[in-house]
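Heads up: the structure comes next, in structure tokens.
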Amino acid sequence: MRRGTRGLKRATALTLALALATTGCAAAQPGIPVPVEPARLVGAPVALDAREVYLEQRIAAMSTEQKVAALIMVHVPGTDPGRIRALIDAHGFAGVIVMGDNVGGPASTVATLTRALSSEPGLPVLTAIDQEGGDVRRLREDNAASARTLRGAPPSAAEQAFRERSALVAEAGVLINFGIVADVTPDRSSFIRSRTLGETPAAAAERVAAAVRGEAGNALSTLKHFPGHGASPDDSHVSIPQSSISIDEWRSTHAVPFRAGIEAGAPLVMMGHLEFSQISDLPASLSPVWIDLLRSELGFDGVIVTDDMLMLQRSRVAAYADPVQNAVRALAAGNDLLLYVLPADPRTVGIDPGTLVAELAAAVSDGRLDEVALDESLHRVLDLRRDASGDTGPFIDCGAKCWGESPRAVDRISEDDDELIAG
């Protein structure tokens, strides 16, 4: 979606949503404006956008529990798609991350699993994978150049490598690649060093942008780990890495590759569990300060996903021992999608999926979470899912109130969601 159009589209979508509510959900034909009562809508022509109307109608029909569940991505171990889908369908989770234990063979085998996960073609489950290449690759047949090689090669090599890599991800039926490490560090002993794409911020930025261009059309690119894992040598899987750099130093170093990747069009950014004490006293994944910097200063308007939320608990920092409190903080900070790499029995890590959803819904009810802000996050996540469908399936589901026992689909209004049709 082009920057600057979201607010306009949402406004016009709300206009149509209200119109449909008062006209019995009249069907719309492609290219033909929906008739509305002049007394209710002043100032023709009315601009309408199919995607936005769909999203607004969808969100308006969701319960609080459905809303918070649709902001969660999980991992379910094993290669049985029925078991994975059962958990998704039971709670309405947004997506699934494919880990090594889900990969029972080559990409074509993984595609059999991923194709079976979505119960609704018009709003498919988001599937994601960590396919960086080299040490971090779930699809083992990925032989494209890894970061170790790409650091010393021209940016065009990174573009080609990620073009090949993302084609394999697409072959596996996976929509999102959590694969572009936008971190940079001069410290050769750093945990993240071997996975970085450049020796300096400028060099990393060139290769990060090239990787985003390479993935375009095959996989949805994700930049990680914001605001920059390279600022600390420690491992965020088992600790909260610390840095004392200033905001100005961050802007001139760690921010540079992320800015380049965002400008190249990356639709997702992953927040790291990293604490920059001079900027925020919270890990970035729980910090509204860092979310605001990502949105306002770097101009990112896509989906913000956390790194695995269980990593906070594994840090053994007492303040982050409660998974429910961590989830509330993460959503309150402005993350759009919470990632949970769950074990076979989530209770072993203190999580019951149903309880987590119920507790998040309770946080909305008691004011700890702002429902308006959650709706904005939900809009971004559902927009990504709707885009993955190619805008297929039912356009507006008015439910039994409009259609009784025989629901019918309202056709798409526009063939191009970036174009508005005046009516």
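Following the order of the structure tokens, first chain is A, next is B, and so on, with residues numbered from 1 inside each chain and ligands from 1 in the order they appear.
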Please list as an MDAnalysis selection string every residue within 12 Å of A:Val174, counting only C-alpha atoms and excluding residues in the same chain fewer than 6 positions away.
chainID A and resid 95:99 103 107:118 124:131 138:139 165:168 218:221 388
Using backbone DSSP assignments, extract all helix (DSSP H, G or I) residues from stretch 201-295 of chain A; output them as a ChimeraX atom specification. /A:201-215,229-231,247-252,255-263,284-286,288-295
Compile the contact shell of A:Pro257 as a list of chain:residue names: residues with an atom at most 7 Å away, counting only C-alpha atoms, same-chain residues fewer than 5 positions apart removed.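 With the cut-off at 7 Å, the set is A:Ala182, A:Pro201, A:Ala204, A:Ala205, A:Val208.
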Could you save the residues just selected, with N, CA and C atoms, as an mmCIF file, in the first residue's frame?
```
data_model
loop_
_atom_site.group_PDB
_atom_site.id
_atom_site.type_symbol
_atom_site.label_atom_id
_atom_site.label_comp_id
_atom_site.auth_asym_id
_atom_site.auth_seq_id
_atom_site.Cartn_x
_atom_site.Cartn_y
_atom_site.Cartn_z
ATOM 1 N N ALA A 182 19.139 -7.173 9.503
ATOM 2 C CA ALA A 182 19.544 -5.787 9.259
ATOM 3 C C ALA A 182 20.459 -5.269 10.361
ATOM 4 N N PRO A 201 27.693 0.165 8.724
ATOM 5 C CA PRO A 201 26.283 0.483 8.512
ATOM 6 C C PRO A 201 25.945 0.737 7.043
ATOM 7 N N ALA A 204 26.115 -2.645 5.112
ATOM 8 C CA ALA A 204 24.968 -3.477 5.473
ATOM 9 C C ALA A 204 23.696 -2.925 4.837
ATOM 10 N N ALA A 205 23.545 -1.608 4.842
ATOM 11 C CA ALA A 205 22.342 -0.986 4.278
ATOM 12 C C ALA A 205 22.183 -1.327 2.806
ATOM 13 N N VAL A 208 21.111 -5.028 2.630
ATOM 14 C CA VAL A 208 19.754 -5.221 3.158
ATOM 15 C C VAL A 208 18.730 -4.760 2.131
#
```
Practice task
Name all residues at most 8 Å from A:Ile262 (count only C-alpha atoms; drop same-chain ones fewer than 5 positions away) and give them as an MDAnalysis selection string.
Solution key: chainID A and resid 209 267 298:300
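Close contacts of A:Val303, defined as residues with an atom at most 8 Å away when counting only C-alpha atoms, with chain neighbours fewer than 5 positions off set aside, comprise Pro267, Leu268, Val269, Asn335, Asp336, Leu337, Ser377, Arg380 and Val381 of chain A.
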One residue among A:Pro186, A:Ser239, A:Leu87, A:Gly92 is nearest to A:Glu199 when using only C-alpha atoms, and that residue is A:Pro186
Q: Mind checking which residues fall within 10 Å of A:Ala362, counting only C-alpha atoms, ignoring those fewer than 6 positions away in the same chain, and posting them as a PyMOL selection string?
A: chain A and resi 64-65+356+368-369
